[in-house]
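K.L.:
Dropping in data05.pdb, with PDB, N, CA, C and O atoms, pLDDT in the B column.
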```
MODEL        1
ATOM      1  N   MET A 774     103.866  57.827 149.599  1.00 85.00           N
ATOM      2  CA  MET A 774     104.028  59.227 149.320  1.00 85.00           C
ATOM      3  C   MET A 774     105.417  59.448 148.735  1.00 85.00           C
ATOM      4  O   MET A 774     106.392  58.876 149.202  1.00 85.00           O
ATOM      5  N   LYS A 775     105.483  60.271 147.724  1.00 94.00           N
ATOM      6  CA  LYS A 775     106.760  60.632 147.123  1.00 94.00           C
ATOM      7  C   LYS A 775     106.963  62.133 147.247  1.00 94.00           C
ATOM      8  O   LYS A 775     106.012  62.905 147.186  1.00 94.00           O
ATOM      9  N   TRP A 776     108.200  62.493 147.419  1.00 97.00           N
ATOM     10  CA  TRP A 776     108.600  63.898 147.439  1.00 97.00           C
ATOM     11  C   TRP A 776     109.340  64.206 146.156  1.00 97.00           C
ATOM     12  O   TRP A 776     110.164  63.411 145.696  1.00 97.00           O
ATOM     13  N   PHE A 777     109.049  65.348 145.578  1.00 97.00           N
ATOM     14  CA  PHE A 777     109.670  65.763 144.325  1.00 97.00           C
ATOM     15  C   PHE A 777     110.408  67.070 144.544  1.00 97.00           C
ATOM     16  O   PHE A 777     109.855  68.019 145.112  1.00 97.00           O
ATOM     17  N   LEU A 778     111.658  67.098 144.107  1.00 98.00           N
ATOM     18  CA  LEU A 778     112.436  68.330 144.118  1.00 98.00           C
ATOM     19  C   LEU A 778     112.231  69.001 142.769  1.00 98.00           C
ATOM     20  O   LEU A 778     112.586  68.444 141.730  1.00 98.00           O
ATOM     21  N   ILE A 779     111.619  70.177 142.783  1.00 98.00           N
ATOM     22  CA  ILE A 779     111.263  70.893 141.575  1.00 98.00           C
ATOM     23  C   ILE A 779     112.160  72.115 141.414  1.00 98.00           C
ATOM     24  O   ILE A 779     112.322  72.903 142.347  1.00 98.00           O
ATOM     25  N   TYR A 780     112.728  72.267 140.225  1.00 97.00           N
ATOM     26  CA  TYR A 780     113.479  73.474 139.872  1.00 97.00           C
ATOM     27  C   TYR A 780     112.518  74.439 139.191  1.00 97.00           C
ATOM     28  O   TYR A 780     111.752  74.039 138.303  1.00 97.00           O
ATOM     29  N   VAL A 781     112.553  75.706 139.601  1.00 97.00           N
ATOM     30  CA  VAL A 781     111.771  76.755 138.944  1.00 97.00           C
ATOM     31  C   VAL A 781     112.719  77.899 138.619  1.00 97.00           C
ATOM     32  O   VAL A 781     113.453  78.378 139.490  1.00 97.00           O
ATOM     33  N   GLY A 782     112.722  78.312 137.361  1.00 96.00           N
ATOM     34  CA  GLY A 782     113.557  79.421 136.929  1.00 96.00           C
ATOM     35  C   GLY A 782     112.732  80.458 136.196  1.00 96.00           C
ATOM     36  O   GLY A 782     111.815  80.118 135.447  1.00 96.00           O
ATOM     37  N   LEU A 783     113.043  81.723 136.430  1.00 95.00           N
ATOM     38  CA  LEU A 783     112.339  82.833 135.803  1.00 95.00           C
ATOM     39  C   LEU A 783     113.356  83.681 135.057  1.00 95.00           C
ATOM     40  O   LEU A 783     114.355  84.106 135.633  1.00 95.00           O
ATOM     41  N   SER A 784     113.096  83.916 133.767  1.00 89.00           N
ATOM     42  CA  SER A 784     114.007  84.741 132.973  1.00 89.00           C
ATOM     43  C   SER A 784     113.555  86.203 133.020  1.00 89.00           C
ATOM     44  O   SER A 784     112.436  86.514 133.440  1.00 89.00           O
ATOM     45  N   LEU A 785     114.410  87.095 132.557  1.00 88.00           N
ATOM     46  CA  LEU A 785     114.094  88.522 132.579  1.00 88.00           C
ATOM     47  C   LEU A 785     112.902  88.879 131.705  1.00 88.00           C
ATOM     48  O   LEU A 785     112.209  89.858 131.968  1.00 88.00           O
ATOM     49  N   ASN A 786     112.641  88.088 130.670  1.00 90.00           N
ATOM     50  CA  ASN A 786     111.496  88.383 129.800  1.00 90.00           C
ATOM     51  C   ASN A 786     110.216  87.711 130.297  1.00 90.00           C
ATOM     52  O   ASN A 786     109.191  87.761 129.629  1.00 90.00           O
ATOM     53  N   GLY A 787     110.258  87.077 131.463  1.00 89.00           N
ATOM     54  CA  GLY A 787     109.070  86.512 132.076  1.00 89.00           C
ATOM     55  C   GLY A 787     108.809  85.053 131.778  1.00 89.00           C
ATOM     56  O   GLY A 787     107.816  84.496 132.234  1.00 89.00           O
ATOM     57  N   ASP A 788     109.680  84.417 131.018  1.00 94.00           N
ATOM     58  CA  ASP A 788     109.515  82.986 130.759  1.00 94.00           C
ATOM     59  C   ASP A 788     109.812  82.185 132.025  1.00 94.00           C
ATOM     60  O   ASP A 788     110.732  82.511 132.773  1.00 94.00           O
ATOM     61  N   VAL A 789     109.014  81.149 132.236  1.00 95.00           N
ATOM     62  CA  VAL A 789     109.202  80.280 133.400  1.00 95.00           C
ATOM     63  C   VAL A 789     109.586  78.896 132.916  1.00 95.00           C
ATOM     64  O   VAL A 789     108.984  78.357 131.982  1.00 95.00           O
ATOM     65  N   GLU A 790     110.599  78.343 133.542  1.00 96.00           N
ATOM     66  CA  GLU A 790     111.043  76.981 133.256  1.00 96.00           C
ATOM     67  C   GLU A 790     110.932  76.194 134.549  1.00 96.00           C
ATOM     68  O   GLU A 790     111.327  76.674 135.613  1.00 96.00           O
ATOM     69  N   SER A 791     110.385  74.997 134.471  1.00 97.00           N
ATOM     70  CA  SER A 791     110.326  74.149 135.659  1.00 97.00           C
ATOM     71  C   SER A 791     110.450  72.690 135.247  1.00 97.00           C
ATOM     72  O   SER A 791     110.020  72.305 134.159  1.00 97.00           O
ATOM     73  N   PHE A 792     111.074  71.912 136.126  1.00 97.00           N
ATOM     74  CA  PHE A 792     111.215  70.480 135.886  1.00 97.00           C
ATOM     75  C   PHE A 792     111.581  69.778 137.187  1.00 97.00           C
ATOM     76  O   PHE A 792     112.036  70.404 138.144  1.00 97.00           O
ATOM     77  N   ILE A 793     111.348  68.481 137.216  1.00 97.00           N
ATOM     78  CA  ILE A 793     111.665  67.660 138.379  1.00 97.00           C
ATOM     79  C   ILE A 793     113.152  67.342 138.363  1.00 97.00           C
ATOM     80  O   ILE A 793     113.670  66.818 137.374  1.00 97.00           O
ATOM     81  N   LEU A 794     113.826  67.651 139.458  1.00 97.00           N
ATOM     82  CA  LEU A 794     115.243  67.322 139.602  1.00 97.00           C
ATOM     83  C   LEU A 794     115.452  65.954 140.241  1.00 97.00           C
ATOM     84  O   LEU A 794     116.424  65.274 139.935  1.00 97.00           O
ATOM     85  N   ASN A 795     114.544  65.590 141.172  1.00 96.00           N
ATOM     86  CA  ASN A 795     114.763  64.365 141.925  1.00 96.00           C
ATOM     87  C   ASN A 795     113.454  63.899 142.553  1.00 96.00           C
ATOM     88  O   ASN A 795     112.554  64.694 142.789  1.00 96.00           O
ATOM     89  N   GLU A 796     113.365  62.599 142.827  1.00 96.00           N
ATOM     90  CA  GLU A 796     112.261  62.009 143.581  1.00 96.00           C
ATOM     91  C   GLU A 796     112.834  61.375 144.839  1.00 96.00           C
ATOM     92  O   GLU A 796     113.887  60.742 144.786  1.00 96.00           O
ATOM     93  N   SER A 797     112.151  61.567 145.961  1.00 96.00           N
ATOM     94  CA  SER A 797     112.601  61.017 147.237  1.00 96.00           C
ATOM     95  C   SER A 797     111.430  60.363 147.954  1.00 96.00           C
ATOM     96  O   SER A 797     110.273  60.641 147.649  1.00 96.00           O
ATOM     97  N   GLN A 798     111.750  59.534 148.936  1.00 94.00           N
ATOM     98  CA  GLN A 798     110.724  58.880 149.734  1.00 94.00           C
ATOM     99  C   GLN A 798     110.387  59.643 151.017  1.00 94.00           C
ATOM    100  O   GLN A 798     109.416  59.321 151.687  1.00 94.00           O
ATOM    101  N   SER A 799     111.197  60.660 151.356  1.00 96.00           N
ATOM    102  CA  SER A 799     110.931  61.415 152.578  1.00 96.00           C
ATOM    103  C   SER A 799     111.274  62.891 152.376  1.00 96.00           C
ATOM    104  O   SER A 799     112.054  63.247 151.484  1.00 96.00           O
ATOM    105  N   MET A 800     110.677  63.722 153.225  1.00 96.00           N
ATOM    106  CA  MET A 800     110.948  65.150 153.185  1.00 96.00           C
ATOM    107  C   MET A 800     112.414  65.424 153.485  1.00 96.00           C
ATOM    108  O   MET A 800     113.045  66.261 152.829  1.00 96.00           O
ATOM    109  N   ASN A 801     112.978  64.706 154.461  1.00 97.00           N
ATOM    110  CA  ASN A 801     114.386  64.919 154.811  1.00 97.00           C
ATOM    111  C   ASN A 801     115.305  64.608 153.640  1.00 97.00           C
ATOM    112  O   ASN A 801     116.277  65.334 153.403  1.00 97.00           O
ATOM    113  N   ASP A 802     115.021  63.527 152.919  1.00 98.00           N
ATOM    114  CA  ASP A 802     115.832  63.191 151.744  1.00 98.00           C
ATOM    115  C   ASP A 802     115.700  64.268 150.668  1.00 98.00           C
ATOM    116  O   ASP A 802     116.679  64.624 150.013  1.00 98.00           O
ATOM    117  N   CYS A 803     114.487  64.785 150.488  1.00 98.00           N
ATOM    118  CA  CYS A 803     114.276  65.838 149.495  1.00 98.00           C
ATOM    119  C   CYS A 803     115.078  67.088 149.859  1.00 98.00           C
ATOM    120  O   CYS A 803     115.728  67.689 149.013  1.00 98.00           O
ATOM    121  N   PHE A 804     115.037  67.467 151.137  1.00 97.00           N
ATOM    122  CA  PHE A 804     115.793  68.637 151.576  1.00 97.00           C
ATOM    123  C   PHE A 804     117.293  68.431 151.413  1.00 97.00           C
ATOM    124  O   PHE A 804     118.026  69.362 151.052  1.00 97.00           O
ATOM    125  N   ALA A 805     117.773  67.221 151.665  1.00 97.00           N
ATOM    126  CA  ALA A 805     119.196  66.927 151.479  1.00 97.00           C
ATOM    127  C   ALA A 805     119.572  67.058 149.998  1.00 97.00           C
ATOM    128  O   ALA A 805     120.626  67.620 149.665  1.00 97.00           O
ATOM    129  N   GLN A 806     118.712  66.553 149.122  1.00 97.00           N
ATOM    130  CA  GLN A 806     118.955  66.679 147.686  1.00 97.00           C
ATOM    131  C   GLN A 806     118.912  68.141 147.247  1.00 97.00           C
ATOM    132  O   GLN A 806     119.652  68.564 146.367  1.00 97.00           O
ATOM    133  N   ARG A 807     118.047  68.919 147.883  1.00 97.00           N
ATOM    134  CA  ARG A 807     117.967  70.356 147.576  1.00 97.00           C
ATOM    135  C   ARG A 807     119.288  71.044 147.915  1.00 97.00           C
ATOM    136  O   ARG A 807     119.793  71.854 147.146  1.00 97.00           O
ATOM    137  N   GLU A 808     119.845  70.724 149.077  1.00 96.00           N
ATOM    138  CA  GLU A 808     121.119  71.320 149.478  1.00 96.00           C
ATOM    139  C   GLU A 808     122.230  70.976 148.482  1.00 96.00           C
ATOM    140  O   GLU A 808     123.031  71.838 148.114  1.00 96.00           O
ATOM    141  N   LEU A 809     122.270  69.713 148.050  1.00 96.00           N
ATOM    142  CA  LEU A 809     123.274  69.311 147.060  1.00 96.00           C
ATOM    143  C   LEU A 809     123.073  70.044 145.743  1.00 96.00           C
ATOM    144  O   LEU A 809     124.043  70.481 145.112  1.00 96.00           O
ATOM    145  N   ALA A 810     121.824  70.183 145.326  1.00 97.00           N
ATOM    146  CA  ALA A 810     121.535  70.884 144.070  1.00 97.00           C
ATOM    147  C   ALA A 810     121.956  72.348 144.162  1.00 97.00           C
ATOM    148  O   ALA A 810     122.489  72.907 143.196  1.00 97.00           O
ATOM    149  N   LEU A 811     121.735  72.977 145.313  1.00 96.00           N
ATOM    150  CA  LEU A 811     122.155  74.370 145.480  1.00 96.00           C
ATOM    151  C   LEU A 811     123.660  74.517 145.320  1.00 96.00           C
ATOM    152  O   LEU A 811     124.136  75.436 144.649  1.00 96.00           O
ATOM    153  N   VAL A 812     124.404  73.617 145.923  1.00 95.00           N
ATOM    154  CA  VAL A 812     125.873  73.651 145.796  1.00 95.00           C
ATOM    155  C   VAL A 812     126.269  73.457 144.332  1.00 95.00           C
ATOM    156  O   VAL A 812     127.112  74.186 143.806  1.00 95.00           O
ATOM    157  N   ASN A 813     125.634  72.503 143.657  1.00 95.00           N
ATOM    158  CA  ASN A 813     125.947  72.243 142.248  1.00 95.00           C
ATOM    159  C   ASN A 813     125.596  73.425 141.356  1.00 95.00           C
ATOM    160  O   ASN A 813     126.212  73.618 140.308  1.00 95.00           O
ATOM    161  N   MET A 814     124.608  74.222 141.760  1.00 94.00           N
ATOM    162  CA  MET A 814     124.222  75.411 140.993  1.00 94.00           C
ATOM    163  C   MET A 814     125.166  76.585 141.238  1.00 94.00           C
ATOM    164  O   MET A 814     125.088  77.595 140.556  1.00 94.00           O
ATOM    165  N   GLY A 815     126.017  76.466 142.247  1.00 94.00           N
ATOM    166  CA  GLY A 815     126.957  77.538 142.541  1.00 94.00           C
ATOM    167  C   GLY A 815     126.581  78.408 143.726  1.00 94.00           C
ATOM    168  O   GLY A 815     127.228  79.419 143.979  1.00 94.00           O
ATOM    169  N   SER A 816     125.551  78.025 144.474  1.00 94.00           N
ATOM    170  CA  SER A 816     125.166  78.791 145.651  1.00 94.00           C
ATOM    171  C   SER A 816     126.249  78.651 146.713  1.00 94.00           C
ATOM    172  O   SER A 816     126.715  77.558 147.000  1.00 94.00           O
ATOM    173  N   GLU A 817     126.624  79.783 147.300  1.00 91.00           N
ATOM    174  CA  GLU A 817     127.642  79.767 148.348  1.00 91.00           C
ATOM    175  C   GLU A 817     127.056  80.036 149.724  1.00 91.00           C
ATOM    176  O   GLU A 817     127.739  79.897 150.723  1.00 91.00           O
ATOM    177  N   ASP A 818     125.773  80.424 149.769  1.00 93.00           N
ATOM    178  CA  ASP A 818     125.169  80.786 151.051  1.00 93.00           C
ATOM    179  C   ASP A 818     123.926  79.961 151.394  1.00 93.00           C
ATOM    180  O   ASP A 818     123.227  80.260 152.353  1.00 93.00           O
ATOM    181  N   GLY A 819     123.656  78.909 150.610  1.00 89.00           N
ATOM    182  CA  GLY A 819     122.500  78.064 150.886  1.00 89.00           C
ATOM    183  C   GLY A 819     121.198  78.568 150.298  1.00 89.00           C
ATOM    184  O   GLY A 819     120.155  77.956 150.493  1.00 89.00           O
ATOM    185  N   TYR A 820     121.253  79.694 149.585  1.00 93.00           N
ATOM    186  CA  TYR A 820     120.068  80.241 148.939  1.00 93.00           C
ATOM    187  C   TYR A 820     120.155  80.028 147.428  1.00 93.00           C
ATOM    188  O   TYR A 820     121.247  80.065 146.862  1.00 93.00           O
ATOM    189  N   PRO A 821     119.007  79.843 146.780  1.00 94.00           N
ATOM    190  CA  PRO A 821     119.023  79.691 145.318  1.00 94.00           C
ATOM    191  C   PRO A 821     119.557  80.954 144.645  1.00 94.00           C
ATOM    192  O   PRO A 821     119.456  82.062 145.194  1.00 94.00           O
ATOM    193  N   LEU A 822     120.096  80.778 143.463  1.00 93.00           N
ATOM    194  CA  LEU A 822     120.584  81.914 142.693  1.00 93.00           C
ATOM    195  C   LEU A 822     119.405  82.788 142.280  1.00 93.00           C
ATOM    196  O   LEU A 822     118.260  82.327 142.212  1.00 93.00           O
ATOM    197  N   GLU A 823     119.687  84.050 141.993  1.00 93.00           N
ATOM    198  CA  GLU A 823     118.637  84.990 141.611  1.00 93.00           C
ATOM    199  C   GLU A 823     117.820  84.450 140.437  1.00 93.00           C
ATOM    200  O   GLU A 823     118.372  83.935 139.465  1.00 93.00           O
ATOM    201  N   GLY A 824     116.510  84.537 140.548  1.00 94.00           N
ATOM    202  CA  GLY A 824     115.624  84.080 139.487  1.00 94.00           C
ATOM    203  C   GLY A 824     115.338  82.592 139.499  1.00 94.00           C
ATOM    204  O   GLY A 824     114.705  82.072 138.585  1.00 94.00           O
ATOM    205  N   THR A 825     115.805  81.909 140.546  1.00 95.00           N
ATOM    206  CA  THR A 825     115.570  80.462 140.631  1.00 95.00           C
ATOM    207  C   THR A 825     115.021  80.106 142.007  1.00 95.00           C
ATOM    208  O   THR A 825     115.157  80.861 142.962  1.00 95.00           O
ATOM    209  N   GLN A 826     114.424  78.935 142.068  1.00 96.00           N
ATOM    210  CA  GLN A 826     113.962  78.392 143.335  1.00 96.00           C
ATOM    211  C   GLN A 826     113.948  76.877 143.223  1.00 96.00           C
ATOM    212  O   GLN A 826     113.717  76.334 142.141  1.00 96.00           O
ATOM    213  N   LEU A 827     114.229  76.210 144.314  1.00 97.00           N
ATOM    214  CA  LEU A 827     114.137  74.756 144.397  1.00 97.00           C
ATOM    215  C   LEU A 827     113.118  74.439 145.481  1.00 97.00           C
ATOM    216  O   LEU A 827     113.264  74.874 146.620  1.00 97.00           O
ATOM    217  N   VAL A 828     112.092  73.688 145.113  1.00 97.00           N
ATOM    218  CA  VAL A 828     110.966  73.443 146.005  1.00 97.00           C
ATOM    219  C   VAL A 828     110.750  71.947 146.171  1.00 97.00           C
ATOM    220  O   VAL A 828     110.769  71.201 145.191  1.00 97.00           O
ATOM    221  N   CYS A 829     110.529  71.507 147.407  1.00 98.00           N
ATOM    222  CA  CYS A 829     110.155  70.125 147.678  1.00 98.00           C
ATOM    223  C   CYS A 829     108.640  70.055 147.818  1.00 98.00           C
ATOM    224  O   CYS A 829     108.059  70.748 148.659  1.00 98.00           O
ATOM    225  N   LEU A 830     108.011  69.242 146.983  1.00 97.00           N
ATOM    226  CA  LEU A 830     106.563  69.036 147.011  1.00 97.00           C
ATOM    227  C   LEU A 830     106.288  67.551 147.147  1.00 97.00           C
ATOM    228  O   LEU A 830     107.050  66.733 146.638  1.00 97.00           O
ATOM    229  N   TYR A 831     105.188  67.208 147.801  1.00 95.00           N
ATOM    230  CA  TYR A 831     104.859  65.791 147.926  1.00 95.00           C
ATOM    231  C   TYR A 831     103.560  65.471 147.212  1.00 95.00           C
ATOM    232  O   TYR A 831     102.715  66.335 147.012  1.00 95.00           O
ATOM    233  N   ALA A 832     103.457  64.224 146.813  1.00 93.00           N
ATOM    234  CA  ALA A 832     102.245  63.715 146.188  1.00 93.00           C
ATOM    235  C   ALA A 832     101.998  62.321 146.728  1.00 93.00           C
ATOM    236  O   ALA A 832     102.928  61.529 146.886  1.00 93.00           O
ATOM    237  N   LYS A 833     100.743  62.027 147.014  1.00 87.00           N
ATOM    238  CA  LYS A 833     100.392  60.706 147.505  1.00 87.00           C
ATOM    239  C   LYS A 833     100.391  59.712 146.361  1.00 87.00           C
ATOM    240  O   LYS A 833      99.965  60.017 145.244  1.00 87.00           O
ATOM    241  N   ASP A 834     100.865  58.508 146.651  1.00 78.00           N
ATOM    242  CA  ASP A 834     100.750  57.411 145.700  1.00 78.00           C
ATOM    243  C   ASP A 834      99.293  56.993 145.618  1.00 78.00           C
ATOM    244  O   ASP A 834      98.500  57.247 146.533  1.00 78.00           O
ATOM    245  N   LYS A 835      98.914  56.326 144.559  1.00 77.00           N
ATOM    246  CA  LYS A 835      97.536  55.848 144.409  1.00 77.00           C
ATOM    247  C   LYS A 835      97.134  54.929 145.546  1.00 77.00           C
ATOM    248  O   LYS A 835      95.973  54.854 145.902  1.00 77.00           O
ATOM    249  N   ASN A 836      98.089  54.214 146.136  1.00 73.00           N
ATOM    250  CA  ASN A 836      97.810  53.246 147.196  1.00 73.00           C
ATOM    251  C   ASN A 836      97.768  53.882 148.586  1.00 73.00           C
ATOM    252  O   ASN A 836      97.471  53.191 149.560  1.00 73.00           O
ATOM    253  N   ASP A 837      98.104  55.161 148.706  1.00 67.00           N
ATOM    254  CA  ASP A 837      98.109  55.832 150.029  1.00 67.00           C
ATOM    255  C   ASP A 837      96.701  56.213 150.440  1.00 67.00           C
ATOM    256  O   ASP A 837      95.864  56.583 149.726  1.00 67.00           O
TER     257      ASP A 837
ENDMDL
END
```
Translate the structure described by the file into structure tokens.

P.N.:
Amino acid sequence: MKWFLIYVGLSLNGDVESFILNESQSMNDCFAQRELALVNMGSEDGYPLEGTQLVCLYAKDKND
């Protein structure tokens, strides 16, 4: 199983941008990467900036 940290951004005109920021082997690692990404984005309170979200999603490998 892999965990993916996904960035989602919404602009004022309704455009949506999304992409994978990171791949992890565990939920805890994904959450840790999310916290680092928030700091790098300029978040000072642990929340994503307005119009953005960082989501950890998992997907099973073919062998799982």

K.L.:
Could you please give me, as a ChimeraX atom specification, the residues of protein, DNA or RNA lying at most 8 Å from (112.8, 84.1, 136.8) in the coordinate frame of the file, considering all atoms listed in the file?

P.N.:
/A:781-790,822-826

K.L.:
Might you pull out every residue within 8 Å of range 801-814 of chain A, with only C-alpha atoms counted and same-chain residues fewer than 2 positions away left off, and present them as JSON, numbers by chain?

P.N.:
{"A": [776, 777, 778, 795, 796, 797, 798, 799, 816, 817, 819, 820, 821, 822, 827, 828, 829]}

K.L.:
Take every atom of range 805-820 of chain A listed in the file, fit an axis-aligned box around them, add 3 Å per side, and give the centre and edge lengths in Å to one decimal as JSON.

P.N.:
```
{"center_x": 122.8, "center_y": 73.7, "center_z": 146.3, "size_x": 16.0, "size_y": 20.2, "size_z": 18.0}
```

K.L.:
Run DSSP on the backbone and grab whatever in chain A lands in strand (DSSP E); send it over as a PyMOL selection string.

P.N.:
chain A and resi 775-783+789-797+825-832

K.L.:
Quick one: distance from atom N of Ala832 in chain A to atom C of Phe792 in chain A in Å, one decimal?

P.N.:
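We find that atom N of Ala832 in chain A and atom C of Phe792 in chain A lie 13.8 Å from each other.
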
K.L.:
I need the residues in chain A that are alpha helix (DSSP H) according to DSSP; give them as an MDAnalysis selection string.

P.N.:
chainID A and resid 800:814

K.L.:
For atom C of Lys835 in chain A and atom N of Ser791 in chain A, quote the distance in Å rounded to one decimal.

P.N.:
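Taking atom C of Lys835 in chain A as the start and atom N of Ser791 in chain A as the end point, the length is 26.5 Å.
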
K.L.:
Give me, please, the distance in Å between atom O of Ile779 in chain A and atom N of Asn836 in chain A, quoted to one decimal.

P.N.:
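Between atom O of Ile779 in chain A and atom N of Asn836 in chain A the gap is 23.8 Å.
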